[in-house]
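Heads up, the thing below is written out as structure tokens.
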There are 2 protein chains.
Amino acid sequence: MTADRLRFVLFLNGVFILAVALAMLLPAIVDVSFDNPQEAANFVTCSAVAGGFGVLLMAAFRQGEVNLTDRRTGFLITVSAWLSVSIVGAVPLYASSLGLSWTDAVFEAASALTTTGSTILVGLDQMPEGLLIWRSLLQWLGGIGIIVMALSVLPGLRVGGMQLFRSESSDVSEKPFPKVRQIARNILIVYSTLTLACAVSLAIAGMPTFDAVNHAMTTIATGGLSTKDASIGYYNSVPIEVVTQVFMISGALPLAFYAVFLLTRGKRRLVEGQIRPFLLILAAAILTCTVWNISQGTAPPTALRLSAFNVTSIMTDTGFATADFSTWGSFAVGLFFMLYLVGGCAGSTAGAIKIFRWQLLFAGVGRVLQLMLYPNAIVPVRFQGKSVDDAVISNVRNFFFLYIITLLLLSLMVMATGLDFLSAISSVAQGMANAGPGLGPIVGPATNFSSIPDAAKWLIVLAMILGRLELVNFFIVLQPWFWRR
Amino acid sequence: MTADRLRFVLFLNGVFILAVALAMLLPAIVDVSFDNPQEAANFVTCSAVAGGFGVLLMAAFRQGEVNLTDRRTGFLITVSAWLSVSIVGAVPLYASSLGLSWTDAVFEAASALTTTGSTILVGLDQMPEGLLIWRSLLQWLGGIGIIVMALSVLPGLRVGGMQLFRSESSDVSEKPFPKVRQIARNILIVYSTLTLACAVSLAIAGMPTFDAVNHAMTTIATGGLSTKDASIGYYNSVPIEVVTQVFMISGALPLAFYAVFLLTRGKRRLVEGQIRPFLLILAAAILTCTVWNISQGTAPPTALRLSAFNVTSIMTDTGFATADFSTWGSFAVGLFFMLYLVGGCAGSTAGAIKIFRWQLLFAGVGRVLQLMLYPNAIVPVRFQGKSVDDAVISNVRNFFFLYIITLLLLSLMVMATGLDFLSAISSVAQGMANAGPGLGPIVGPATNFSSIPDAAKWLIVLAMILGRLELVNFFIVLQPWFWRR
Ligand SMILES: [K+]
Ligand SMILES: [K+]
């Protein structure tokens, strides 16, 4: 591990921290306009302190030559940036008038930034507007960060089979991170446009402007933080639910892949190939849930409305709720738990195992079975009409193993803090998927994460960040050989 | 699919059915000696009917040439034999004075035969002796069947990475099933000796002779059916618990591999390499559970005694209990759930994912991480000092995927019958692992499976048989291309 590389990583963290510090000026402006001078001053102070720290890092570790083409640097930057931004993002929450503990402030900031959307705050409806917009902004910025990472860094780093989506330019050159800036600019344009469209649609559907702006930011990011304790359920409005659903789905589709126009036809087919199965699984889950709710005595129109919204919300890993779906009976609880694992499309802000990995895992089963009967046959795994490299399948299967093991071990640790089996395993599963609410009476959609022990909160923060870093990106940095020269 | 092959499979099923029918004469003799003439007559009648059916199948499908070297035949025989023997084994239970439904009779027989040991019977302490010995005998025979299958059939069929344990003779010749008869004879000797040793030790430890014989048969098979509703807890005896623990562990070790003397030094190292990690995980789990129980207020000696017995029982997939460990608090519930997944050594009667697969899965993680940093490096997965074929790793990872997906989907179906999340997922997990008790107030060690809906019972029967057939052996027979010529 060269000193130059560490210096560069620290320098870049300084850049990210400065960016977050500048972003704190938006809630300050909002607080001024809503006449919360105390809160506005808090944001300005935090911005100055954090910004100063960022500039200090940048100045201390400035270097002549910038080298982004190195894998080790790539892993270190992605891991350290998520951690440092989560902590800096927590500062204004900790320093605010809410009197939060560090644990709660970091939980809320990490939950926002990773687009998870779990909350420990109660009384959102009366909260200062600056704090609300700060959570939404963190979530929106986190969403953009995830897409940039998924498009420009993870494929090059071969994270969990994502080399499947390497753009042609990175195939040819040996650069693992092609065109980061162009990609980031294009994504910013696409996401700003979508967010504006969502905000306008929500306002037309009857949501107050401030709420519409907040919800638009957290919907596009499939984040799910709300300005109301009762989430979208507060508005009790079919038009608002339909608009939210449409934009949650758009957030879980790989729209950004189109926007960057970096893909050749072959790669594009791989990306597009996820959309159909995603929508099919979503439709099947909504239908199943509706039928189940009808069988439990809910009137058919209500069953459809509730199932459509809440299933879409969890399957896209957004996490808004219009009902406490953990009281819908055992089967519904099981179904929502499965949806935590499914996830959205690669290249979106939705988390979890993701559609393309499920496609490859199931395609891989057929191959193993065929080789059992015909051991000497040559059976490639075919995916979207192309045969897939063995290394990709191997990475994806390994990813699945790590995902389940991490889920089980973190859940066991959460159980050691006293949470029951369902609360613990659903908290960790939603965290790793960056979904939002857990299941059951303690961490379900009717309540939130405020009542659980601090140790459990930290474990769930870890789950969120692990999920966002696609696990392997985190685990590789923990290996002793990673740090050897 | 040739008609000849199907004829041969049906003929062999006749042989198995005849063997089970002959085995029914043992409980008849026991019932006579314990003065239960009615029950004895039932066993004789069932034996005659089943035996007649077996002979009929044998006569109808007798063929000149016997061909065991064919893979397709191997898969068909293993699947059909477990199904047909489960059904025939249920006949005397259905016809008995207990008045069981078909569902309950098949559940009990399949649970016995697959060495699961879940029961739907209440009032074991007053049950006719013939029925008790029939359950124990089914379990003991099932245990031997599993070892024979694991040693002679599964490696040749490359089931879930078990080609790792192919004997040298099968590597050289292309025969997938080497020396089935010798292997079966050797295993019979080893297992009879161990069972005798266990029975004598139990009797010395103070268990009545009839109980000792029954428990010896179900301990060696890591089966866990008991002659008492309170299982081993009934005796409240440390010596009995220690003896049982020793023989449960011996049942979960790959002892039979030594017995058959078919292994070269290389293969033997692979087999032996499982023993150390198995014992380490067992010791760690017992220690963790003891510490947890002490932290919950149990006196240290009691905590150790209870943890040692019940953890060993679940980790070896035996399923005896001396306490209702699902009331030990959330962490203990989580720990026992993990133990359902761990399992014993390949080549034993313990089920689940098994030690050698965990070893390969974890070894595979390191390789994937290294390839992320050095994409062009050649990094073989090393296991017990030997580099392992990619096809083995691929099979094992695929096995893990199928195991988890099957667990989740079967659990979801069980939840649809109305069982809560923990009851459902623990029932299926214990079934697939062939462990015995579930977790929670409904299916935990304090109760049994008698109260759950019939549909849930059938799903758990499916889980038991799927687990015993190492999943892929079952799934391959469901593929349309399997049946094509
Ligand atoms: K979310
Ligand atoms: K068992």
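Naming works like this for the structure tokens: A, B, ... for the chains as they're shown, residue 1 at the start of each chain, ligands 1 onward in shown order.
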
Next on the checklist: Please check the contacts: residues of chain A at most 9 Å away from chain B, using only C-alpha atoms, listed as number ranges by chain.
Outcome noted: A: 71-72, 157-160, 292, 329-335, 338, 361-362, 364-366, 368-375, 391, 393-395, 397-402, 404, 408-409, 411-422, 472-473, 475-476, 479, 481-482

Item to check | Given 7 Å and only C-alpha atoms and all ligand atoms, residues near ligand 1 as a VMD selection string | outcome: chain A and resid 115 to 117 222 to 224 317 to 319 434 to 436

Serialized selection, N, CA, C and O atoms, as a short mmCIF file (atom, residue, chain, number, x, y, z; two decimals), in the first residue's frame:
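This went into out13.cif:
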```cif
data_model
loop_
_atom_site.label_atom_id
_atom_site.label_comp_id
_atom_site.auth_asym_id
_atom_site.auth_seq_id
_atom_site.Cartn_x
_atom_site.Cartn_y
_atom_site.Cartn_z
N THR A 115 -29.91 5.51 0.79
CA THR A 115 -31.28 5.40 0.26
C THR A 115 -32.08 4.30 0.93
O THR A 115 -32.98 3.71 0.33
N THR A 116 -31.75 4.01 2.19
CA THR A 116 -32.52 3.00 2.92
C THR A 116 -33.86 3.59 3.34
O THR A 116 -34.93 3.06 3.00
N GLY A 117 -33.79 4.68 4.11
CA GLY A 117 -35.04 5.33 4.51
C GLY A 117 -35.64 4.84 5.81
O GLY A 117 -36.76 5.21 6.14
N THR A 222 -35.40 5.98 -4.73
CA THR A 222 -35.96 4.80 -4.04
C THR A 222 -35.52 4.80 -2.57
O THR A 222 -35.15 3.76 -2.03
N GLY A 223 -35.60 5.99 -1.99
CA GLY A 223 -35.14 6.15 -0.61
C GLY A 223 -36.22 5.88 0.40
O GLY A 223 -36.09 5.03 1.26
N GLY A 224 -37.31 6.64 0.29
CA GLY A 224 -38.45 6.34 1.14
C GLY A 224 -38.55 7.14 2.42
O GLY A 224 -39.46 6.89 3.21
N ASP A 317 -37.45 -1.32 -3.14
CA ASP A 317 -36.62 -0.94 -1.99
C ASP A 317 -36.79 0.53 -1.63
O ASP A 317 -35.85 1.14 -1.11
N THR A 318 -37.95 1.10 -1.92
CA THR A 318 -38.19 2.49 -1.53
C THR A 318 -38.54 2.54 -0.05
O THR A 318 -37.81 3.14 0.75
N GLY A 319 -39.66 1.91 0.33
CA GLY A 319 -39.95 1.82 1.75
C GLY A 319 -41.03 2.76 2.26
O GLY A 319 -41.25 2.83 3.46
N ASN A 434 -31.47 -1.89 1.60
CA ASN A 434 -31.76 -0.46 1.63
C ASN A 434 -33.24 -0.20 1.37
O ASN A 434 -33.60 0.66 0.56
N ALA A 435 -34.08 -0.99 2.05
CA ALA A 435 -35.53 -0.93 1.80
C ALA A 435 -36.21 0.12 2.68
O ALA A 435 -36.86 1.02 2.18
N GLY A 436 -36.11 0.02 3.99
CA GLY A 436 -36.73 1.02 4.86
C GLY A 436 -37.36 0.42 6.10
O GLY A 436 -36.72 0.32 7.13
#
```

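Across the structure, atom CA of B:Asn293 and atom CA of B:Leu202 are spaced 27.6 Å apart.
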
Item to check | Site check for ligand 2: residues at most 12 Å away, only C-alpha atoms and all ligand atoms, as a ChimeraX atom specification | outcome: /B:110-119,136,139-140,142-143,217-226,248,251-252,312-321,340,343-344,348-352,429-438,464,467-468

Checklist entry - Any idea what's packed within 9 Å of B:Asp324, counting only C-alpha atoms, ignoring anything in its chain fewer than 3 positions away? Could you give it as a VMD selection string? => result chain B and resid 321 327 to 328 439 to 440 444 to 447

Only N, CA and C atoms, please: the residues just picked out, written as a JSON list (two decimals), in the first residue's frame.
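Output saved as selection-v4.json:
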```
[["chain", "number", "residue", "atom", "x", "y", "z"],
["B", 321, "ALA", "N", -34.07, -33.74, 22.74],
["B", 321, "ALA", "CA", -34.07, -32.51, 23.51],
["B", 321, "ALA", "C", -34.12, -32.84, 24.99],
["B", 327, "THR", "N", -37.30, -21.40, 24.28],
["B", 327, "THR", "CA", -37.64, -20.38, 25.29],
["B", 327, "THR", "C", -36.39, -19.78, 25.92],
["B", 328, "TRP", "N", -35.22, -20.08, 25.35],
["B", 328, "TRP", "CA", -33.97, -19.57, 25.91],
["B", 328, "TRP", "C", -33.66, -18.14, 25.47],
["B", 439, "LEU", "N", -38.74, -24.53, 16.01],
["B", 439, "LEU", "CA", -38.52, -23.51, 17.04],
["B", 439, "LEU", "C", -39.82, -22.77, 17.31],
["B", 440, "GLY", "N", -40.00, -22.33, 18.54],
["B", 440, "GLY", "CA", -41.18, -21.56, 18.88],
["B", 440, "GLY", "C", -42.21, -22.40, 19.60],
["B", 444, "GLY", "N", -41.89, -26.26, 18.43],
["B", 444, "GLY", "CA", -40.63, -26.36, 19.16],
["B", 444, "GLY", "C", -40.47, -27.68, 19.89],
["B", 445, "PRO", "N", -39.36, -27.86, 20.60],
["B", 445, "PRO", "CA", -39.07, -29.12, 21.28],
["B", 445, "PRO", "C", -40.08, -29.46, 22.37],
["B", 446, "ALA", "N", -40.81, -28.46, 22.89],
["B", 446, "ALA", "CA", -41.77, -28.74, 23.96],
["B", 446, "ALA", "C", -43.04, -29.38, 23.39],
["B", 447, "THR", "N", -43.29, -29.19, 22.12],
["B", 447, "THR", "CA", -44.49, -29.77, 21.51],
["B", 447, "THR", "C", -44.05, -30.65, 20.35]]
```

Checklist entry - So how many Å separate atom CA of B:Gln274 and atom CA of B:Gln245, to one decimal? => result 18.7 Å

Next on the checklist: Can you pull out the residues contacting stretch 189-198 of chain B? Cut-off 12 Å, using only C-alpha atoms, and skip same-chain residues under 6 positions away; I want them as a PyMOL selection string.
Outcome noted: chain B and resi 136-137+140-145+147-148+182-183+204-205+207+209+211-222+240-251+254-261+348-349

Checklist entry - So which one's closest to B:Arg5, B:Ile77, B:Leu304, B:Leu280, B:Leu410? Using only C-alpha atoms, please. => result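 Looking at the shortest contact to B:Arg5, the residue is B:Ile77.
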
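With only C-alpha atoms as the basis for measurement, B:Val428 is the residue among B:Leu478, B:Ala48, B:Leu18, B:Val428 that approaches B:Ala463 most closely.
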
Checklist entry - Which of these residues is nearest to B:Val180, using only C-alpha atoms: B:Val153, B:Asn13, B:Leu466, B:Ile353? => result B:Val153

Item to check | d(atom CA of B:Pro301, atom CA of B:Val238) in Å | outcome: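 According to the coordinates, atom CA of B:Pro301 and atom CA of B:Val238 are separated by 11.4 Å.
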
If we count only C-alpha atoms and set the cut-off at 8 Å, which residues sit around A:Pro128, ignoring sequence neighbours fewer than 6 positions away in its own chain? Please answer as a JSON list (two decimals) with N, CA and C atoms, in the first residue's frame.
```json
[["chain", "number", "residue", "atom", "x", "y", "z"],
["A", 31, "ASP", "N", -34.55, 26.82, 5.91],
["A", 31, "ASP", "CA", -34.91, 27.21, 7.27],
["A", 31, "ASP", "C", -35.13, 28.73, 7.37],
["A", 36, "ASN", "N", -37.05, 29.65, 10.52],
["A", 36, "ASN", "CA", -36.46, 28.90, 11.63],
["A", 36, "ASN", "C", -35.01, 29.38, 11.80],
["A", 39, "GLU", "N", -32.36, 27.05, 13.53],
["A", 39, "GLU", "CA", -31.98, 25.88, 12.75],
["A", 39, "GLU", "C", -31.10, 26.27, 11.57]]
```

B:Ser387: which residues within 12 Å, counting only C-alpha atoms, same-chain residues fewer than 5 positions away excluded, as a compact mmCIF listing (two decimals) with all heavy atoms, in the first residue's frame?
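Saved the output as selection_36.txt:
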```
# COMPACT_ATOMS: atom_id res chain seq x y z
N LEU B 164 -16.07 -34.84 -5.18
CA LEU B 164 -14.84 -34.71 -4.40
C LEU B 164 -14.48 -36.03 -3.73
O LEU B 164 -13.31 -36.32 -3.49
CB LEU B 164 -15.11 -33.65 -3.32
CG LEU B 164 -13.95 -32.87 -2.75
CD1 LEU B 164 -13.28 -32.07 -3.83
CD2 LEU B 164 -14.46 -31.91 -1.67
N GLY B 266 -5.20 -39.41 -0.54
CA GLY B 266 -5.68 -38.08 -0.94
C GLY B 266 -7.13 -37.87 -0.56
O GLY B 266 -7.51 -36.88 0.04
N LEU B 270 -9.33 -35.44 2.48
CA LEU B 270 -10.51 -34.60 2.26
C LEU B 270 -11.59 -34.92 3.28
O LEU B 270 -12.26 -34.05 3.83
CB LEU B 270 -11.07 -34.81 0.86
CG LEU B 270 -10.21 -34.34 -0.31
CD1 LEU B 270 -10.91 -34.65 -1.61
CD2 LEU B 270 -9.94 -32.85 -0.19
N LEU B 360 -15.57 -25.27 1.36
CA LEU B 360 -15.35 -24.85 -0.03
C LEU B 360 -15.94 -23.47 -0.30
O LEU B 360 -15.35 -22.66 -1.02
CB LEU B 360 -15.95 -25.88 -0.99
CG LEU B 360 -15.20 -27.21 -1.05
CD1 LEU B 360 -15.99 -28.24 -1.84
CD2 LEU B 360 -13.83 -27.01 -1.69
N ALA B 363 -13.58 -20.96 1.26
CA ALA B 363 -12.35 -20.91 0.47
C ALA B 363 -12.60 -20.16 -0.84
O ALA B 363 -11.75 -19.40 -1.31
CB ALA B 363 -11.85 -22.33 0.19
N GLY B 364 -13.79 -20.35 -1.40
CA GLY B 364 -14.13 -19.69 -2.67
C GLY B 364 -14.26 -18.18 -2.55
O GLY B 364 -14.01 -17.45 -3.51
N ARG B 367 -10.92 -16.51 -3.02
CA ARG B 367 -10.49 -16.53 -4.41
C ARG B 367 -11.17 -15.42 -5.21
O ARG B 367 -10.53 -14.71 -5.99
CB ARG B 367 -10.85 -17.89 -5.01
CG ARG B 367 -10.39 -17.99 -6.42
CD ARG B 367 -11.41 -18.71 -7.23
NE ARG B 367 -10.75 -19.49 -8.25
CZ ARG B 367 -11.35 -20.43 -8.94
NH1 ARG B 367 -12.59 -20.75 -8.66
NH2 ARG B 367 -10.72 -21.05 -9.89
N ILE B 378 -3.89 -16.39 -11.53
CA ILE B 378 -4.47 -17.74 -11.50
C ILE B 378 -4.50 -18.15 -10.03
O ILE B 378 -3.46 -18.36 -9.40
CB ILE B 378 -3.66 -18.71 -12.36
CG1 ILE B 378 -3.86 -18.33 -13.82
CG2 ILE B 378 -4.11 -20.15 -12.10
CD1 ILE B 378 -2.89 -18.98 -14.76
N VAL B 379 -5.70 -18.18 -9.48
CA VAL B 379 -5.87 -18.46 -8.05
C VAL B 379 -6.74 -19.70 -7.90
O VAL B 379 -7.96 -19.61 -7.96
CB VAL B 379 -6.55 -17.28 -7.32
CG1 VAL B 379 -6.49 -17.45 -5.82
CG2 VAL B 379 -5.94 -15.95 -7.74
N PRO B 380 -6.14 -20.87 -7.71
CA PRO B 380 -6.98 -22.06 -7.50
C PRO B 380 -7.57 -22.05 -6.10
O PRO B 380 -7.00 -21.45 -5.19
CB PRO B 380 -5.99 -23.21 -7.67
CG PRO B 380 -4.67 -22.64 -7.29
CD PRO B 380 -4.71 -21.16 -7.57
N VAL B 381 -8.72 -22.67 -5.93
CA VAL B 381 -9.26 -22.85 -4.58
C VAL B 381 -8.55 -24.05 -3.97
O VAL B 381 -8.65 -25.16 -4.47
CB VAL B 381 -10.78 -23.09 -4.61
CG1 VAL B 381 -11.28 -23.44 -3.22
CG2 VAL B 381 -11.50 -21.88 -5.13
N ARG B 382 -7.81 -23.80 -2.92
CA ARG B 382 -7.07 -24.89 -2.27
C ARG B 382 -7.88 -25.41 -1.09
O ARG B 382 -8.45 -24.65 -0.33
CB ARG B 382 -5.69 -24.40 -1.81
CG ARG B 382 -4.80 -24.01 -2.99
CD ARG B 382 -3.37 -23.79 -2.56
NE ARG B 382 -2.70 -25.03 -2.23
CZ ARG B 382 -2.21 -25.89 -3.14
NH1 ARG B 382 -2.33 -25.63 -4.41
NH2 ARG B 382 -1.62 -26.99 -2.75
N VAL B 392 -16.36 -28.52 -9.11
CA VAL B 392 -16.79 -28.84 -7.74
C VAL B 392 -17.27 -27.57 -7.04
O VAL B 392 -18.34 -27.54 -6.44
CB VAL B 392 -15.64 -29.50 -6.94
CG1 VAL B 392 -16.03 -29.69 -5.49
CG2 VAL B 392 -15.27 -30.84 -7.57
N ILE B 393 -16.46 -26.51 -7.13
CA ILE B 393 -16.84 -25.23 -6.50
C ILE B 393 -18.17 -24.76 -7.07
O ILE B 393 -19.06 -24.32 -6.34
CB ILE B 393 -15.77 -24.16 -6.80
CG1 ILE B 393 -14.40 -24.63 -6.40
CG2 ILE B 393 -16.13 -22.85 -6.09
CD1 ILE B 393 -14.15 -24.67 -4.94
```

Next on the checklist: What parts of stretch 428-473 of chain A does DSSP call helix (DSSP H, G or I)? I'd like the answer as a PyMOL selection string.
Outcome noted: chain A and resi 428-433+449-451+454-468+472-473

File dump, residues just selected, C-alpha atoms, as a short mmCIF file (atom, residue, chain, number, x, y, z; two decimals), in the first residue's frame:
```
data_model
loop_
_atom_site.label_atom_id
_atom_site.label_comp_id
_atom_site.auth_asym_id
_atom_site.auth_seq_id
_atom_site.Cartn_x
_atom_site.Cartn_y
_atom_site.Cartn_z
CA VAL A 428 -31.03 -6.63 8.72
CA ALA A 429 -32.67 -7.81 5.48
CA GLN A 430 -34.27 -4.42 4.90
CA GLY A 431 -30.98 -2.72 5.80
CA MET A 432 -28.92 -4.77 3.35
CA ALA A 433 -31.57 -4.16 0.68
CA PHE A 449 -36.27 2.07 14.64
CA SER A 450 -36.25 4.53 17.58
CA SER A 451 -37.00 1.93 20.27
CA ASP A 454 -28.03 1.25 20.22
CA ALA A 455 -25.97 -1.83 19.38
CA ALA A 456 -28.74 -3.02 17.07
CA LYS A 457 -28.82 0.39 15.38
CA TRP A 458 -25.10 0.24 14.62
CA LEU A 459 -25.45 -3.27 13.24
CA ILE A 460 -28.24 -2.10 10.95
CA VAL A 461 -26.10 0.86 9.83
CA LEU A 462 -23.42 -1.68 8.95
CA ALA A 463 -26.00 -3.70 7.01
CA MET A 464 -27.03 -0.61 5.03
CA ILE A 465 -23.48 0.29 4.09
CA LEU A 466 -22.55 -3.32 3.30
CA GLY A 467 -25.58 -3.58 1.03
CA ARG A 468 -24.74 -0.34 -0.73
CA VAL A 472 -17.45 -7.62 -1.70
CA ASN A 473 -16.33 -4.04 -2.09
#
```

Checklist entry - Could you pull out all residues of stretch 206-418 of chain A with a DSSP call of strand (DSSP E or B) and give them as a PyMOL selection string? => result chain A and resi 381-383+386-388

Item to check | Nearest-residue call for B:Phe34, choices B:Ile452, B:Val443, B:Leu151, B:Ile133, using only C-alpha atoms | outcome: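 Looking at the shortest contact to B:Phe34, the residue is B:Ile133.
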
Checklist entry - Quick one: residues within 12 Å of B:Ser101, only C-alpha atoms counted, chain neighbours fewer than 5 positions away excluded, as number ranges by chain? => result B: 90-96, 106-108, 120-121, 450, 454, 457
